[in-house]
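A.B. asks: Let me give you the structure first, and then I'll get to my questions.
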Amino acid sequence: SRAVTQYIAHAFADKGTPLVCTGNPMATAGVWMETEAHQFGPLALKLRQALVYKPRSGMAADAAVVEENEAKLAMVLDIYDARLSRSKYLGGDCFTLADLHHLPAMTTLMETPVKKLLDARPKVSAWMACVSGRPAWAKV
């Protein structure tokens with residue numbers, strides 16, 4: 001959960017990659033963690049349910065649900081692309097929980113037709129390649 005990752009990041013801040021910034025970058029990363037939780041996350045979940053989980057259960061994807069949520073996700077990703085034109089990561093110039101929290105859903109979506117939405121945004125695509133290419137994520 002997001003709360004658990006925040007606890008671990010603070011409790012073990014002196015070990016491994018720092019995932020929490022102090023000062024102004026902490027506030028920026030916090031905004032993007034909230035954006036992931038309330039804007040990106042719900043749309044990504046609906047798309048994963050329709051395109052991944054339902055077909056695994058032998059059910060057909062609901063094309064109307066996919067179309068509606070792809071359109072909404074495209075708008076969110078436009079905002080991400082604009083943000084990522086100003087910094088390497090969502091929270092600033094260092095990898096934070098804001099980036100980490102996107103990885104499970106993004107990784108799954110990259111294996112679906114939604115990938116076209118990510119690929120159509122060069123900064124989002126580069127960011128996704130960067131964060132998903134981290135050695136620790138490869139171990140997951």
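Please note that chains go A, B, ... in the order of the structure tokens, that every chain numbers its residues from 1, and that ligands are numbered from 1 in the order shown.
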Do you know which residues are at most 12 Å from Arg86 (chain A) counting only C-alpha atoms, after dropping those on the same chain fewer than 6 positions away, and could you put them as a list in words?

C.D. replies: Ile79, Tyr80, Gly92, Asp93, Lys123, Val124 and Trp127 of chain A

A.B. asks: With N, CA and C atoms kept, could you save the residues just selected as a short mmCIF file (atom, residue, chain, number, x, y, z; two decimals), in the first residue's frame?

C.D. replies:
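In the end it all went to part39.cif:
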```cif
data_model
loop_
_atom_site.label_atom_id
_atom_site.label_comp_id
_atom_site.auth_asym_id
_atom_site.auth_seq_id
_atom_site.Cartn_x
_atom_site.Cartn_y
_atom_site.Cartn_z
N ILE A 79 -0.91 15.95 -18.87
CA ILE A 79 -0.41 16.73 -17.73
C ILE A 79 0.94 16.16 -17.27
N TYR A 80 1.05 14.84 -17.23
CA TYR A 80 2.32 14.21 -16.86
C TYR A 80 3.41 14.60 -17.84
N GLY A 92 10.58 15.81 -9.13
CA GLY A 92 11.73 16.70 -9.30
C GLY A 92 12.86 15.99 -10.02
N ASP A 93 14.07 16.22 -9.58
CA ASP A 93 15.22 15.65 -10.27
C ASP A 93 15.73 14.36 -9.65
N LYS A 123 7.85 12.46 -23.25
CA LYS A 123 8.41 12.60 -21.90
C LYS A 123 7.91 11.49 -20.99
N VAL A 124 6.65 11.12 -21.12
CA VAL A 124 6.10 10.01 -20.33
C VAL A 124 6.80 8.71 -20.72
N TRP A 127 10.31 8.72 -19.31
CA TRP A 127 10.23 8.55 -17.86
C TRP A 127 9.94 7.09 -17.51
#
```

A.B. asks: Go through chain A and collect every residue that DSSP, computed from the backbone, puts in alpha helix (DSSP H); the answer should be as an MDAnalysis selection string.

C.D. replies: chainID A and resid 2:11 24:35 41:48 54:56 63:84 97:100 103:109 115:119 122:132 135:138

A.B. asks: Could you check which of A:Ala27, A:Met106, A:Leu43, A:Val114 is closest to Ser132 (chain A), using only C-alpha atoms?

C.D. replies: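 Closest residue, counting only C-alpha atoms: A:Met106.
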
A.B. asks: When you look at Val131 (chain A) with a cut-off of 12 Å (counting only C-alpha atoms), what residues show up, excluding the ones that are within fewer than 6 positions of it in the same chain? I need them as a ChimeraX atom specification.

C.D. replies: /A:88-90,94-104,106-107,124-125,137-138

A.B. asks: Would you write out those residues with C-alpha atoms, as a compact mmCIF listing (two decimals), in the first residue's frame?

C.D. replies:
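After the write, selection-v7.txt holds the following:
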```txt
# COMPACT_ATOMS: atom_id res chain seq x y z
CA LYS A 88 13.41 14.03 -14.99
CA TYR A 89 11.01 12.57 -12.43
CA LEU A 90 7.52 13.56 -11.27
CA CYS A 94 15.40 12.54 -8.09
CA PHE A 95 13.46 9.27 -8.05
CA THR A 96 10.83 9.32 -5.28
CA LEU A 97 7.77 7.44 -4.10
CA ALA A 98 5.79 9.51 -6.61
CA ASP A 99 7.52 7.57 -9.38
CA LEU A 100 7.59 4.25 -7.56
CA HIS A 101 3.86 4.22 -6.92
CA HIS A 102 3.19 4.33 -10.68
CA LEU A 103 5.32 1.33 -11.56
CA PRO A 104 2.94 -1.61 -10.93
CA MET A 106 2.29 1.34 -15.65
CA THR A 107 4.13 -1.95 -16.13
CA VAL A 124 6.10 10.01 -20.33
CA SER A 125 7.63 7.30 -22.50
CA TRP A 137 12.49 -2.94 -10.39
CA ALA A 138 14.00 -5.63 -12.61
```

A.B. asks: One decimal, Å: what's the distance from CA of Val65 (chain A) over to CA of Ala105 (chain A), could you say?

C.D. replies: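 Straight-line distance from CA of Val65 (chain A) to CA of Ala105 (chain A) works out to 17.1 Å.
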
A.B. asks: Taking 4 positions as the minimum chain separation for residues in the same chain, which residues sit within 8 Å of Asp78 (chain A) when counting only C-alpha atoms? Answer as JSON, numbers by chain.

C.D. replies: {"A": [74, 82, 121]}

A.B. asks: Any idea what the distance is between CA of Pro42 (chain A) and CA of Ser1 (chain A)?

C.D. replies: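 So the two atoms, CA of Pro42 (chain A) and CA of Ser1 (chain A), lie 14.4 Å apart.
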
A.B. asks: Can you list, as number ranges by chain, every protein, DNA or RNA residue that comes within 12 Å of Met75 (chain A) when you count only C-alpha atoms, leaving out same-chain residues fewer than 6 positions away?

C.D. replies: A: 39-40, 43, 68-69, 81-82, 117-118, 121

A.B. asks: Distance table requested - region 65-121 of chain A against region 47-59 of chain A, cut-off 7 Å, only C-alpha atoms: one row per qualifying residue with the closest atom pair and its distance in Å to one decimal, ordered by chain and rising residue number, as CSV.

C.D. replies:
```
residue,atom,partner,partner_atom,distance
A:Val66,CA,A:Leu47,CA,6.0
A:Asn69,CA,A:Leu47,CA,6.7
A:Leu109,CA,A:Arg48,CA,6.8
A:Thr112,CA,A:Leu51,CA,6.8
```
